[in-house]
file protein11.cif (mmCIF, C-alpha atoms and all ligand atoms)
data_start
#
loop_
_atom_site.label_atom_id
_atom_site.label_comp_id
_atom_site.auth_asym_id
_atom_site.auth_seq_id
_atom_site.Cartn_x
_atom_site.Cartn_y
_atom_site.Cartn_z
CA MET A 1083 0.00 0.00 0.00
CA SER A 1084 1.42 3.37 -0.93
CA GLN A 1085 1.82 5.88 1.88
CA GLU A 1086 2.21 9.62 1.77
CA SER A 1087 5.74 10.77 2.55
CA ILE A 1088 6.21 13.14 5.45
CA TYR A 1089 9.29 15.35 5.27
CA VAL A 1090 11.07 17.17 8.07
CA THR A 1091 9.32 20.31 6.96
CA GLN A 1092 6.93 21.72 4.40
CA PRO A 1093 6.71 25.41 3.59
CA VAL A 1094 3.75 27.52 4.57
CA LEU A 1095 2.21 29.16 1.50
CA PRO A 1096 -0.69 31.61 1.23
CA GLU A 1097 -3.61 30.99 -1.12
CA LEU A 1098 -2.38 31.49 -4.67
CA ALA A 1099 -5.28 33.89 -5.32
CA GLU A 1100 -3.94 36.19 -2.62
CA PHE A 1101 -0.59 36.38 -4.38
CA ILE A 1102 -1.98 37.40 -7.76
CA PRO A 1103 -2.76 41.06 -6.87
CA TYR A 1104 0.86 41.50 -5.77
CA LEU A 1105 2.06 40.08 -9.09
CA GLU A 1106 -0.32 42.38 -10.94
CA GLN A 1107 1.16 45.34 -9.09
CA ILE A 1108 4.69 44.25 -10.04
CA TRP A 1109 3.67 43.72 -13.67
CA LYS A 1110 2.06 47.15 -13.72
CA ASN A 1111 4.85 49.24 -12.24
CA LYS A 1112 7.70 47.20 -13.82
CA ILE A 1113 9.94 47.48 -10.76
CA LEU A 1114 11.21 43.94 -10.29
CA THR A 1115 14.17 44.42 -7.96
CA ASN A 1116 16.81 46.87 -6.61
CA CYS A 1117 14.95 47.66 -3.40
CA GLY A 1118 11.59 48.56 -4.90
CA PRO A 1119 8.36 49.47 -3.08
CA LEU A 1120 7.48 45.95 -1.88
CA HIS A 1121 11.04 45.41 -0.62
CA GLN A 1122 10.83 48.67 1.33
CA GLN A 1123 7.39 47.81 2.67
CA LEU A 1124 8.54 44.39 3.85
CA GLU A 1125 11.54 45.90 5.65
CA LYS A 1126 9.18 48.31 7.43
CA GLU A 1127 6.62 45.66 8.36
CA LEU A 1128 9.29 43.25 9.57
CA CYS A 1129 10.82 45.93 11.80
CA GLU A 1130 7.39 46.50 13.33
CA TYR A 1131 6.53 42.82 13.70
CA LEU A 1132 9.88 41.77 15.11
CA GLY A 1133 10.49 44.86 17.25
CA VAL A 1134 13.84 45.84 15.74
CA ASP A 1135 15.09 49.18 14.42
CA TYR A 1136 16.75 48.37 11.09
CA ILE A 1137 16.45 45.46 8.70
CA SER A 1138 18.16 44.97 5.38
CA LEU A 1139 16.61 42.24 3.24
CA PHE A 1140 18.76 39.74 1.34
CA ASN A 1141 18.27 37.09 -1.33
CA ASN A 1142 19.28 34.36 1.16
CA GLY A 1143 20.76 33.91 4.62
CA THR A 1144 24.17 32.83 3.35
CA ILE A 1145 24.86 35.99 1.36
CA ALA A 1146 23.55 37.94 4.35
CA LEU A 1147 26.09 36.19 6.62
CA VAL A 1148 28.94 36.84 4.17
CA THR A 1149 27.92 40.49 3.95
CA ALA A 1150 27.49 40.89 7.72
CA LEU A 1151 31.14 39.96 8.32
CA GLN A 1152 32.22 42.33 5.56
CA ALA A 1153 30.04 45.14 6.94
CA LEU A 1154 31.91 45.00 10.24
CA GLY A 1155 35.22 45.46 8.44
CA LEU A 1156 36.60 42.07 9.40
CA GLU A 1157 39.40 41.54 6.92
CA GLN A 1158 41.72 39.14 8.69
CA GLY A 1159 41.92 37.16 11.89
CA GLU A 1160 40.04 34.45 13.74
CA VAL A 1161 36.31 34.14 14.20
CA ILE A 1162 35.08 31.91 17.02
CA THR A 1163 32.07 29.84 16.05
CA THR A 1164 30.21 26.60 16.64
CA PRO A 1165 30.87 23.34 14.78
CA TYR A 1166 27.24 22.31 15.41
CA THR A 1167 25.48 24.19 12.61
CA PHE A 1168 24.61 24.25 8.94
CA VAL A 1169 27.66 24.73 6.69
CA ALA A 1170 26.64 28.26 5.70
CA THR A 1171 27.82 29.61 9.08
CA ALA A 1172 31.38 28.34 8.62
CA HIS A 1173 31.42 29.04 4.87
CA SER A 1174 30.70 32.73 5.49
CA ILE A 1175 33.85 33.01 7.62
CA VAL A 1176 36.16 31.29 5.16
CA TRP A 1177 34.56 33.13 2.22
CA ASN A 1178 35.72 36.36 3.90
CA LYS A 1179 39.27 34.93 4.18
CA LEU A 1180 38.91 34.77 7.95
CA THR A 1181 39.87 31.74 10.04
CA PRO A 1182 37.10 29.80 11.80
CA VAL A 1183 37.92 28.61 15.31
CA PHE A 1184 35.43 25.95 16.34
CA VAL A 1185 34.63 25.73 20.04
CA ASP A 1186 32.39 23.25 21.79
CA ILE A 1187 28.73 23.57 22.68
CA ASP A 1188 26.64 23.23 25.79
CA PRO A 1189 24.74 19.99 25.06
CA GLN A 1190 21.72 21.18 27.07
CA THR A 1191 21.04 24.04 24.65
CA SER A 1192 23.04 22.91 21.58
CA ASN A 1193 24.53 26.43 21.52
CA ILE A 1194 28.14 27.57 21.80
CA ASP A 1195 29.53 27.36 25.35
CA PRO A 1196 30.59 30.89 26.46
CA VAL A 1197 33.23 29.53 28.85
CA LYS A 1198 34.93 27.79 25.95
CA VAL A 1199 34.55 30.89 23.81
CA GLU A 1200 36.57 32.94 26.29
CA GLN A 1201 39.22 30.21 26.55
CA ALA A 1202 39.63 30.23 22.74
CA ILE A 1203 40.32 33.97 22.43
CA THR A 1204 43.80 34.83 21.13
CA ASP A 1205 45.38 38.06 19.95
CA LYS A 1206 44.15 37.15 16.46
CA THR A 1207 40.48 36.87 17.43
CA VAL A 1208 38.32 39.54 15.80
CA ALA A 1209 34.76 38.27 16.22
CA ILE A 1210 32.38 35.69 17.66
CA LEU A 1211 29.73 34.12 15.43
CA PRO A 1212 27.34 32.03 17.54
CA VAL A 1213 24.17 30.36 16.22
CA HIS A 1214 20.81 30.43 18.02
CA CYS A 1215 20.49 26.76 17.17
CA TYR A 1216 16.88 25.57 16.63
CA GLY A 1217 15.81 29.09 17.65
CA ILE A 1218 17.01 28.50 21.24
CA PRO A 1219 18.66 31.71 22.47
CA CYS A 1220 22.40 31.66 23.07
CA ASP A 1221 23.72 32.90 26.38
CA VAL A 1222 23.49 36.43 24.99
CA GLU A 1223 24.38 38.44 28.09
CA VAL A 1224 27.53 36.45 28.83
CA LEU A 1225 28.59 36.48 25.19
CA GLN A 1226 28.11 40.26 25.05
CA ASN A 1227 30.25 40.71 28.17
CA ILE A 1228 33.00 38.61 26.60
CA ALA A 1229 32.81 40.51 23.31
CA THR A 1230 32.92 43.88 25.09
CA LYS A 1231 35.76 42.85 27.41
CA HIS A 1232 37.93 41.64 24.52
CA ASN A 1233 36.78 44.26 21.99
CA LEU A 1234 35.35 41.70 19.61
CA LYS A 1235 32.48 41.95 17.13
CA LEU A 1236 29.48 39.76 17.91
CA ILE A 1237 27.38 38.51 15.00
CA TYR A 1238 24.52 36.09 15.57
CA ASP A 1239 23.54 33.52 12.99
CA ALA A 1240 19.83 33.84 13.72
CA ALA A 1241 18.72 31.74 10.74
CA HIS A 1242 16.43 29.74 13.06
CA ALA A 1243 15.37 32.57 15.34
CA PHE A 1244 12.64 34.45 13.48
CA GLY A 1245 10.16 35.97 15.94
CA VAL A 1246 11.83 34.75 19.13
CA ARG A 1247 11.55 37.20 22.02
CA TYR A 1248 13.87 37.06 25.00
CA GLN A 1249 14.01 39.18 28.17
CA GLY A 1250 11.31 41.57 26.96
CA GLN A 1251 12.66 42.19 23.47
CA SER A 1252 13.48 40.62 20.14
CA LEU A 1253 16.37 38.17 20.37
CA LEU A 1254 17.60 39.83 17.17
CA ASN A 1255 18.47 42.99 19.10
CA TYR A 1256 21.45 41.30 20.74
CA GLY A 1257 24.95 41.50 19.26
CA ASP A 1258 26.28 43.89 16.63
CA LEU A 1259 24.33 42.17 13.86
CA SER A 1260 21.88 39.28 13.56
CA VAL A 1261 21.36 37.35 10.36
CA MET A 1262 18.11 35.61 9.45
CA SER A 1263 17.16 33.09 6.77
CA PHE A 1264 13.80 33.11 4.99
CA HIS A 1265 14.51 29.88 3.10
CA ALA A 1266 11.60 27.60 2.13
CA THR A 1267 12.41 25.35 5.10
CA LYS A 1268 12.26 28.14 7.68
CA VAL A 1269 9.47 29.30 9.99
CA PHE A 1270 8.97 32.43 7.83
CA ASN A 1271 9.76 31.95 4.17
CA THR A 1272 9.97 34.13 1.07
CA PHE A 1273 10.86 31.08 -1.12
CA GLU A 1274 14.53 32.09 -0.66
CA GLY A 1275 15.53 35.09 1.39
CA GLY A 1276 17.30 36.46 4.40
CA ALA A 1277 18.03 39.64 6.31
CA ILE A 1278 20.48 41.45 8.54
CA VAL A 1279 19.23 43.24 11.63
CA CYS A 1280 21.42 46.17 12.71
CA HIS A 1281 21.18 49.02 15.19
CA SER A 1282 22.04 52.27 13.38
CA VAL A 1283 21.05 54.06 10.23
CA GLU A 1284 24.71 54.31 9.20
CA MET A 1285 25.16 50.54 9.43
CA LYS A 1286 21.92 49.95 7.51
CA GLN A 1287 23.16 52.26 4.75
CA ARG A 1288 26.49 50.43 4.64
CA ILE A 1289 24.81 47.02 4.45
CA ASP A 1290 22.42 48.28 1.75
CA ARG A 1291 25.41 49.43 -0.32
CA LEU A 1292 27.25 46.16 0.22
CA LYS A 1293 24.29 44.10 -0.99
CA ASN A 1294 24.23 46.21 -4.16
CA PHE A 1295 27.82 45.66 -5.43
CA GLY A 1296 29.18 48.48 -3.22
CA ILE A 1297 27.48 51.10 -5.40
CA VAL A 1298 27.29 54.56 -3.77
CA ASN A 1299 25.99 56.40 -6.83
CA GLU A 1300 26.26 56.24 -10.62
CA SER A 1301 29.95 57.08 -10.63
CA ILE A 1302 31.18 55.92 -7.22
CA ILE A 1303 31.59 52.28 -6.16
CA ASP A 1304 33.25 52.00 -2.77
CA ASP A 1305 33.45 48.29 -2.00
CA ILE A 1306 33.98 44.97 -3.75
CA SER A 1307 30.85 43.17 -2.70
CA LEU A 1308 28.03 40.93 -3.89
CA ASN A 1309 24.53 41.25 -5.25
CA GLY A 1310 22.41 40.23 -2.26
CA LYS A 1311 19.13 41.95 -3.03
CA LEU A 1312 15.73 40.35 -2.48
CA SER A 1313 13.45 40.68 -5.54
CA GLU A 1314 10.01 42.26 -5.49
CA VAL A 1315 8.30 38.88 -6.03
CA HIS A 1316 10.05 37.45 -2.97
CA ALA A 1317 9.22 40.56 -0.95
CA ALA A 1318 5.57 40.26 -2.00
CA LEU A 1319 5.43 36.72 -0.66
CA GLY A 1320 6.99 37.92 2.59
CA LEU A 1321 4.28 40.56 3.02
CA LEU A 1322 1.63 37.87 2.64
CA GLN A 1323 3.41 35.43 4.94
CA LEU A 1324 3.53 38.06 7.67
CA LYS A 1325 -0.26 38.17 7.74
CA SER A 1326 -0.43 34.55 8.90
CA ILE A 1327 2.76 34.28 10.94
CA ASP A 1328 1.05 34.22 14.33
CA SER A 1329 -1.20 31.30 13.35
CA THR A 1330 1.87 29.57 11.89
CA LEU A 1331 3.67 29.87 15.22
CA LEU A 1332 0.61 28.66 17.14
CA ALA A 1333 0.29 25.55 14.96
CA ARG A 1334 3.99 24.80 15.48
CA LYS A 1335 3.59 25.16 19.26
CA LYS A 1336 0.75 22.63 19.29
CA ILE A 1337 2.86 20.03 17.47
CA ASP A 1338 5.85 20.71 19.72
CA GLU A 1339 3.64 20.08 22.77
CA MET A 1340 2.18 16.89 21.32
CA TYR A 1341 5.62 15.44 20.62
CA ARG A 1342 6.87 16.43 24.09
CA ASN A 1343 3.92 14.78 25.83
CA GLY A 1344 3.90 11.73 23.57
CA LEU A 1345 7.62 11.04 23.83
CA ALA A 1346 7.96 11.75 27.55
CA GLY A 1347 9.12 8.78 29.55
CA ILE A 1348 10.63 6.75 26.69
CA SER A 1349 14.00 5.65 28.02
CA GLY A 1350 16.83 6.88 25.83
CA ILE A 1351 14.75 9.50 23.98
CA TYR A 1352 15.48 13.03 25.09
CA CYS A 1353 13.62 16.00 23.61
CA ILE A 1354 15.92 19.04 23.62
CA LYS A 1355 14.34 21.50 26.06
CA ARG A 1356 13.22 24.93 24.94
CA PRO A 1357 13.50 27.63 27.60
CA SER A 1358 10.33 29.36 28.66
CA LEU A 1359 10.24 32.43 26.41
CA GLU A 1360 7.97 35.41 26.01
CA LYS A 1361 7.66 34.27 22.39
CA ASP A 1362 9.08 31.10 20.84
CA ASN A 1363 8.98 29.89 17.24
CA TYR A 1364 9.33 26.09 17.66
CA SER A 1365 11.49 26.01 14.58
CA TYR A 1366 12.72 22.40 14.89
CA PHE A 1367 11.94 19.36 17.02
CA PRO A 1368 15.27 17.72 17.80
CA ILE A 1369 15.37 14.50 19.83
CA VAL A 1370 18.52 12.81 21.07
CA ILE A 1371 18.71 9.02 20.97
CA SER A 1372 20.96 7.13 23.36
CA LYS A 1373 21.04 3.91 25.38
CA PRO A 1374 18.88 2.24 26.72
CA TYR A 1375 16.73 3.04 23.66
CA PRO A 1376 16.95 -0.20 21.67
CA LEU A 1377 17.76 1.44 18.31
CA ARG A 1378 20.70 3.60 17.45
CA ARG A 1379 19.99 6.99 15.87
CA ASP A 1380 20.66 5.75 12.35
CA GLU A 1381 18.47 2.70 12.88
CA LEU A 1382 15.57 4.85 14.04
CA PHE A 1383 16.19 7.18 11.09
CA GLU A 1384 15.92 4.18 8.71
CA LYS A 1385 12.87 2.76 10.47
CA LEU A 1386 11.04 6.07 10.14
CA LYS A 1387 12.09 6.27 6.50
CA LEU A 1388 10.67 2.82 5.78
CA ASN A 1389 7.40 4.20 7.11
CA GLY A 1390 7.51 7.28 4.88
CA ILE A 1391 8.82 9.65 7.59
CA PHE A 1392 11.86 11.63 6.46
CA ALA A 1393 13.42 12.99 9.67
CA ARG A 1394 16.77 14.81 9.32
CA LYS A 1395 20.08 14.66 11.18
CA TYR A 1396 20.39 18.40 11.80
CA PHE A 1397 23.32 18.82 12.49
CA TYR A 1398 25.44 15.88 11.41
CA PRO A 1399 28.30 15.82 10.67
CA ILE A 1400 29.83 18.65 12.65
CA MET A 1401 31.98 21.09 10.71
CA THR A 1402 35.28 19.71 11.99
CA ASP A 1403 34.39 16.26 10.61
CA LEU A 1404 34.02 17.61 7.08
CA ALA A 1405 37.09 17.15 4.86
CA ILE A 1406 36.78 20.76 3.65
CA TYR A 1407 37.28 21.99 7.23
CA LYS A 1408 40.04 19.55 8.22
CA GLU A 1409 42.66 22.29 8.51
CA TYR A 1410 40.55 23.92 11.24
CA GLN A 1411 40.48 20.92 13.58
CA SER A 1412 39.60 21.33 17.22
CA ASP A 1413 38.34 19.12 19.99
CA THR A 1414 34.58 19.50 20.40
CA PRO A 1415 33.37 16.27 22.06
CA GLU A 1416 29.96 17.59 23.16
CA ALA A 1417 29.11 18.76 19.65
CA LYS A 1418 30.24 15.42 18.23
CA LEU A 1419 28.20 13.42 20.72
CA LEU A 1420 25.07 15.46 20.08
CA SER A 1421 25.48 15.25 16.31
CA GLU A 1422 25.74 11.46 16.52
CA GLY A 1423 22.51 11.17 18.53
CA VAL A 1424 20.27 13.87 17.12
CA LEU A 1425 17.26 13.53 14.86
CA CYS A 1426 14.92 16.37 13.92
CA LEU A 1427 11.34 15.15 13.61
CA PRO A 1428 8.85 16.60 11.11
CA LEU A 1429 7.34 19.87 12.33
CA TYR A 1430 5.31 22.23 10.17
CA PRO A 1431 1.87 23.85 10.48
CA ASN A 1432 0.12 21.56 7.99
CA LEU A 1433 1.39 18.38 9.62
CA SER A 1434 -1.72 16.56 10.85
CA LEU A 1435 -1.94 15.57 14.49
CA ASP A 1436 -2.64 12.02 13.27
CA SER A 1437 0.75 12.05 11.56
CA VAL A 1438 2.41 13.33 14.73
CA GLN A 1439 0.76 10.47 16.64
CA LYS A 1440 1.96 7.99 14.03
CA ILE A 1441 5.54 9.25 14.46
CA ILE A 1442 5.27 9.04 18.26
CA ASP A 1443 3.91 5.48 18.00
CA LEU A 1444 6.71 4.43 15.65
CA ILE A 1445 9.29 5.74 18.11
CA LYS A 1446 7.53 4.14 21.10
CA ASP A 1447 7.00 0.79 19.46
CA ASN A 1448 10.34 -0.99 19.81
N1 LIG B 1501 22.72 29.35 9.10
C1 LIG B 1501 22.02 28.32 9.57
C2 LIG B 1501 22.15 27.95 11.00
C3 LIG B 1501 21.14 27.60 8.73
O1 LIG B 1501 20.44 26.55 9.21
C4 LIG B 1501 21.03 27.99 7.37
C5 LIG B 1501 20.18 27.26 6.48
C6 LIG B 1501 21.79 29.11 6.93
C7 LIG B 1501 22.63 29.75 7.83
C8 LIG B 1501 21.75 29.59 5.52
O2 LIG B 1501 20.52 30.19 5.17
P1 LIG B 1501 20.03 30.15 3.60
O3 LIG B 1501 21.19 30.61 2.76
O4 LIG B 1501 19.63 28.73 3.28
O5 LIG B 1501 18.89 31.12 3.58
C9 LIG B 1501 18.10 23.11 4.46
C10 LIG B 1501 18.03 24.50 3.89
O6 LIG B 1501 18.38 24.55 2.50
C11 LIG B 1501 18.83 25.51 4.62
O7 LIG B 1501 18.25 26.77 4.34
C12 LIG B 1501 18.80 25.28 6.13
N2 LIG B 1501 19.66 26.16 6.83
C13 LIG B 1501 19.21 23.86 6.44
C14 LIG B 1501 19.18 23.58 7.92
O8 LIG B 1501 18.27 23.00 5.83
P2 LIG B 1501 18.65 20.85 3.32
O9 LIG B 1501 19.71 20.48 2.35
O10 LIG B 1501 18.44 19.99 4.49
O11 LIG B 1501 17.25 21.10 2.57
P3 LIG B 1501 16.34 20.09 1.77
O12 LIG B 1501 16.21 20.60 0.38
O13 LIG B 1501 16.80 18.70 1.95
O14 LIG B 1501 14.93 20.31 2.49
C15 LIG B 1501 14.54 19.63 3.66
C16 LIG B 1501 13.11 19.13 3.46
O15 LIG B 1501 12.23 20.23 3.35
C17 LIG B 1501 12.90 18.32 2.20
O16 LIG B 1501 13.08 16.97 2.49
C18 LIG B 1501 11.48 18.62 1.79
C19 LIG B 1501 11.19 19.97 2.42
N3 LIG B 1501 11.19 21.04 1.39
C20 LIG B 1501 12.35 21.63 1.01
C21 LIG B 1501 12.35 22.63 0.08
C22 LIG B 1501 13.64 23.30 -0.36
C23 LIG B 1501 9.98 21.43 0.84
O17 LIG B 1501 8.92 20.87 1.16
N4 LIG B 1501 9.99 22.46 -0.07
C24 LIG B 1501 11.10 23.07 -0.48
O18 LIG B 1501 11.05 24.01 -1.31
O19 LIG B 1501 19.02 22.33 3.79
#
call {"tool": "encode", "arguments": {"input": "protein11.cif", "output": "structure tokens"}}
result
Amino acid sequence: MSQESIYVTQPVLPELAEFIPYLEQIWKNKILTNCGPLHQQLEKELCEYLGVDYISLFNNGTIALVTALQALGLEQGEVITTPYTFVATAHSIVWNKLTPVFVDIDPQTSNIDPVKVEQAITDKTVAILPVHCYGIPCDVEVLQNIATKHNLKLIYDAAHAFGVRYQGQSLLNYGDLSVMSFHATKVFNTFEGGAIVCHSVEMKQRIDRLKNFGIVNESIIDDISLNGKLSEVHAALGLLQLKSIDSTLLARKKIDEMYRNGLAGISGIYCIKRPSLEKDNYSYFPIVISKPYPLRRDELFEKLKLNGIFARKYFYPIMTDLAIYKEYQSDTPEAKLLSEGVLCLPLYPNLSLDSVQKIIDLIKDN
């Protein structure tokens, strides 16, 4: 009997009919890109929704990360980061000809361990690039103290952190810059997309120039930089997605709760805890598999797959186990252990509660 496949995620999309008027507007005014009216409107509405002062939209999170490091004038030196992430984090450092220094994580949160960050600082260190992994806030106060004490830039990879509020404000307000991803697989998507949050008009202007080849005006080009602009069609989708974001987050919360209740008490299955936040986004549902659970992580992964459930090993392997990063070796046992036990279960607003129950039952039944 054929069964419907269930993937780790599925993008939220508005009704197609709602998108058509936006396309008609684009067709009518013939402004397709280069920070047109819909791009500007989305920046404004995102600032209001998220509670941040300045946002610069990008065509994806990776180009936004690359540009964020450039915007801070980091031209050489070491950047301390986590090995437990998606490759884009590390790529952005090396792309800027900087040296990544991988330090270990706190396995409770999956985020970089600030104690180890401070131990890794040398006279070559210029910045810290932590990730709010799964949307769980890093230890932002401690990291800021370390950055201030050692005069380092602090850039957050906030690809998973859309909408998260922490200590009475947007999590994106911490650090010098925060970088978001609006990829199809993210909580808020514009098909592809991303953004940098910054805290001054001067920095916003600099980032806006950098994402437009470094162009100042028709005859002056001040920087060698990329084309990172988000098109009008992508911005239009973002404006529509914002209208339903709160119901998206609510649906995610419900599934998160159902998994947590359903999986509680299974020996050897640990659901990574989310702190109690003013606003959370439930962006992933990572479980960690260890003894005495009868199956190893890869065996459970295969079992789910045989049943049409495509969970994902976010994040395996860790950066330091990739051949392309072998010259940046460091000892990060906690990150390695977590990456060998983790499995992210399907979580998206249109996932039926029956499907969630089926996944719970498959995990329980061993
Ligand atoms: N920093 C961090 C910490 C990140 O996690 C990411 C991206 C970035 C930076 C970079 O941001 P972007 O440059 O991407 O904006 C996915 C995403 O491509 C990537 O955006 C994401 N992190 C990463 C964690 O996951 P894959 O290779 O696992 O994606 P893929 O194509 O296998 O998709 C996963 C599942 O989602 C599929 O099995 C089916 C479903 N899916 C996917 C797509 C693309 C859909 O239903 N529709 C779709 O259009 O990397």
call {"tool": "atom_distance", "arguments": {"input": "protein11.cif", "atom1": "atom CA of A:Pro1212", "atom2": "atom CA of A:Asp1239"}}
result
6.1 Å
call {"tool": "closest_residue", "arguments": {"input": "protein11.cif", "among": "A:Glu1416, A:Ser1365, A:Asn1116, A:Val1208", "to": "A:Phe1295", "atoms": "only C-alpha atoms"}}
result
A:Asn1116
call {"tool": "atom_distance", "arguments": {"input": "protein11.cif", "atom1": "atom CA of A:Arg1378", "atom2": "atom CA of A:Tyr1398"}}
result
14.5 Å
call {"tool": "atom_distance", "arguments": {"input": "protein11.cif", "atom1": "atom CA of A:Lys1373", "atom2": "atom CA of A:His1214"}}
result
27.5 Å
call {"tool": "residues_around", "arguments": {"input": "protein11.cif", "residues": "A:Ile1441", "least_positions_apart": "4", "cutoff": "10 Å", "atoms": "only C-alpha atoms", "output": "NGL selection string"}}
result
:A and (1088 or 1341 or 1344-1345 or 1386 or 1389-1391 or 1393 or 1427-1428 or 1435-1437 or 1445-1447)
call {"tool": "closest_atom_pairs", "arguments": {"input": "protein11.cif", "of": "chain A", "to": "ligand LIG 1501 (chain B)", "cutoff": "8 Å", "atoms": "only C-alpha atoms and all ligand atoms", "output": "CSV"}}
result
residue,atom,partner,partner_atom,distance
A:Tyr1089,CA,B:LIG1501,O16,5.0
A:Val1090,CA,B:LIG1501,C16,5.4
A:Thr1091,CA,B:LIG1501,O15,4.6
A:Gln1092,CA,B:LIG1501,O17,3.9
A:Pro1093,CA,B:LIG1501,O17,5.6
A:Asn1141,CA,B:LIG1501,O5,7.8
A:Asn1142,CA,B:LIG1501,O5,4.1
A:Gly1143,CA,B:LIG1501,O5,3.5
A:Thr1144,CA,B:LIG1501,O3,3.8
A:Ile1145,CA,B:LIG1501,O3,6.7
A:Ala1146,CA,B:LIG1501,O3,7.9
A:Leu1147,CA,B:LIG1501,C7,7.4
A:Thr1167,CA,B:LIG1501,C2,5.3
A:Phe1168,CA,B:LIG1501,O1,4.8
A:Val1169,CA,B:LIG1501,N1,7.2
A:Ala1170,CA,B:LIG1501,C7,4.8
A:Thr1171,CA,B:LIG1501,N1,5.1
A:Val1213,CA,B:LIG1501,C2,6.1
A:His1214,CA,B:LIG1501,C2,7.6
A:Cys1215,CA,B:LIG1501,C2,6.5
A:Asp1239,CA,B:LIG1501,N1,5.8
A:Ala1240,CA,B:LIG1501,C2,6.9
A:Ala1241,CA,B:LIG1501,C1,4.9
A:His1242,CA,B:LIG1501,C2,6.3
A:Met1262,CA,B:LIG1501,O2,7.3
A:Ser1263,CA,B:LIG1501,O5,4.1
A:Phe1264,CA,B:LIG1501,O5,5.6
A:His1265,CA,B:LIG1501,O5,4.6
A:Ala1266,CA,B:LIG1501,O18,5.0
A:Thr1267,CA,B:LIG1501,O15,5.4
A:Lys1268,CA,B:LIG1501,O7,7.0
A:Phe1273,CA,B:LIG1501,O18,7.1
A:Glu1274,CA,B:LIG1501,O5,6.2
A:Gly1275,CA,B:LIG1501,O5,5.6
A:Gly1276,CA,B:LIG1501,O5,5.6
A:Phe1392,CA,B:LIG1501,O16,6.8
A:Arg1394,CA,B:LIG1501,O10,7.3
A:Tyr1396,CA,B:LIG1501,C14,6.6
A:Phe1397,CA,B:LIG1501,C14,7.8
call {"tool": "residues_around", "arguments": {"input": "protein11.cif", "residues": "A:Glu1314", "least_positions_apart": "6", "cutoff": "8 Å", "atoms": "only C-alpha atoms", "output": "ChimeraX atom specification"}}
result
/A:1108,1113-1115,1117-1121
call {"tool": "write_last_selection", "arguments": {"input": "protein11.cif", "atoms": "C-alpha atoms", "output": "mmCIF file, keeping the file's coordinate frame"}}
result
data_model
loop_
_atom_site.group_PDB
_atom_site.id
_atom_site.type_symbol
_atom_site.label_atom_id
_atom_site.label_comp_id
_atom_site.auth_asym_id
_atom_site.auth_seq_id
_atom_site.Cartn_x
_atom_site.Cartn_y
_atom_site.Cartn_z
ATOM 1 C CA ILE A 1108 4.690 44.250 -10.040
ATOM 2 C CA ILE A 1113 9.940 47.480 -10.760
ATOM 3 C CA LEU A 1114 11.210 43.940 -10.290
ATOM 4 C CA THR A 1115 14.170 44.420 -7.960
ATOM 5 C CA CYS A 1117 14.950 47.660 -3.400
ATOM 6 C CA GLY A 1118 11.590 48.560 -4.900
ATOM 7 C CA PRO A 1119 8.360 49.470 -3.080
ATOM 8 C CA LEU A 1120 7.480 45.950 -1.880
ATOM 9 C CA HIS A 1121 11.040 45.410 -0.620
#
call {"tool": "closest_residue", "arguments": {"input": "protein11.cif", "among": "A:Leu1312, A:Ile1303, A:Ala1317, A:Leu1429", "to": "A:Glu1339", "atoms": "all atoms listed in the file"}}
result
A:Leu1429
call {"tool": "closest_residue", "arguments": {"input": "protein11.cif", "among": "A:Glu1409, A:Asp1403, A:Asp1135, A:Asp1380", "to": "A:Val1424", "atoms": "only C-alpha atoms"}}
result
A:Asp1380
call {"tool": "residues_near_point", "arguments": {"input": "protein11.cif", "point": "(25.9, 43.1, 19.6)", "cutoff": "7 Å", "atoms": "only C-alpha atoms", "output": "list in words"}}
result
Gln1226, Leu1236, Ile1237, Tyr1256, Gly1257, Asp1258 and Leu1259 of chain A
call {"tool": "closest_residue", "arguments": {"input": "protein11.cif", "among": "A:Pro1189, A:Gly1423, A:Pro1219, A:Gly1347", "to": "A:Arg1379", "atoms": "all atoms listed in the file"}}
result
A:Gly1423
call {"tool": "closest_residue", "arguments": {"input": "protein11.cif", "among": "A:Ile1278, A:Ile1406, A:Arg1356, A:Val1315", "to": "A:Lys1112", "atoms": "all atoms listed in the file"}}
result
A:Val1315
call {"tool": "closest_residue", "arguments": {"input": "protein11.cif", "among": "A:Met1340, A:Ala1318, A:Ile1289, A:Cys1353", "to": "A:Ala1153", "atoms": "all atoms listed in the file"}}
result
A:Ile1289
call {"tool": "residues_around", "arguments": {"input": "protein11.cif", "residues": "A:Lys1286", "least_positions_apart": "5", "cutoff": "7 Å", "atoms": "only C-alpha atoms", "output": "list in words"}}
result
Tyr1136, Ser1138 and Cys1280 of chain A
call {"tool": "residues_around", "arguments": {"input": "protein11.cif", "residues": "A:Ala1209", "least_positions_apart": "2", "cutoff": "7 Å", "atoms": "all atoms listed in the file", "output": "ChimeraX atom specification"}}
result
/A:1160-1162,1207,1211,1234-1236
call {"tool": "residues_around", "arguments": {"input": "protein11.cif", "residues": "A:Ala1202", "least_positions_apart": "6", "cutoff": "9 Å", "atoms": "all atoms listed in the file", "output": "ChimeraX atom specification"}}
result
/A:1162,1183-1185
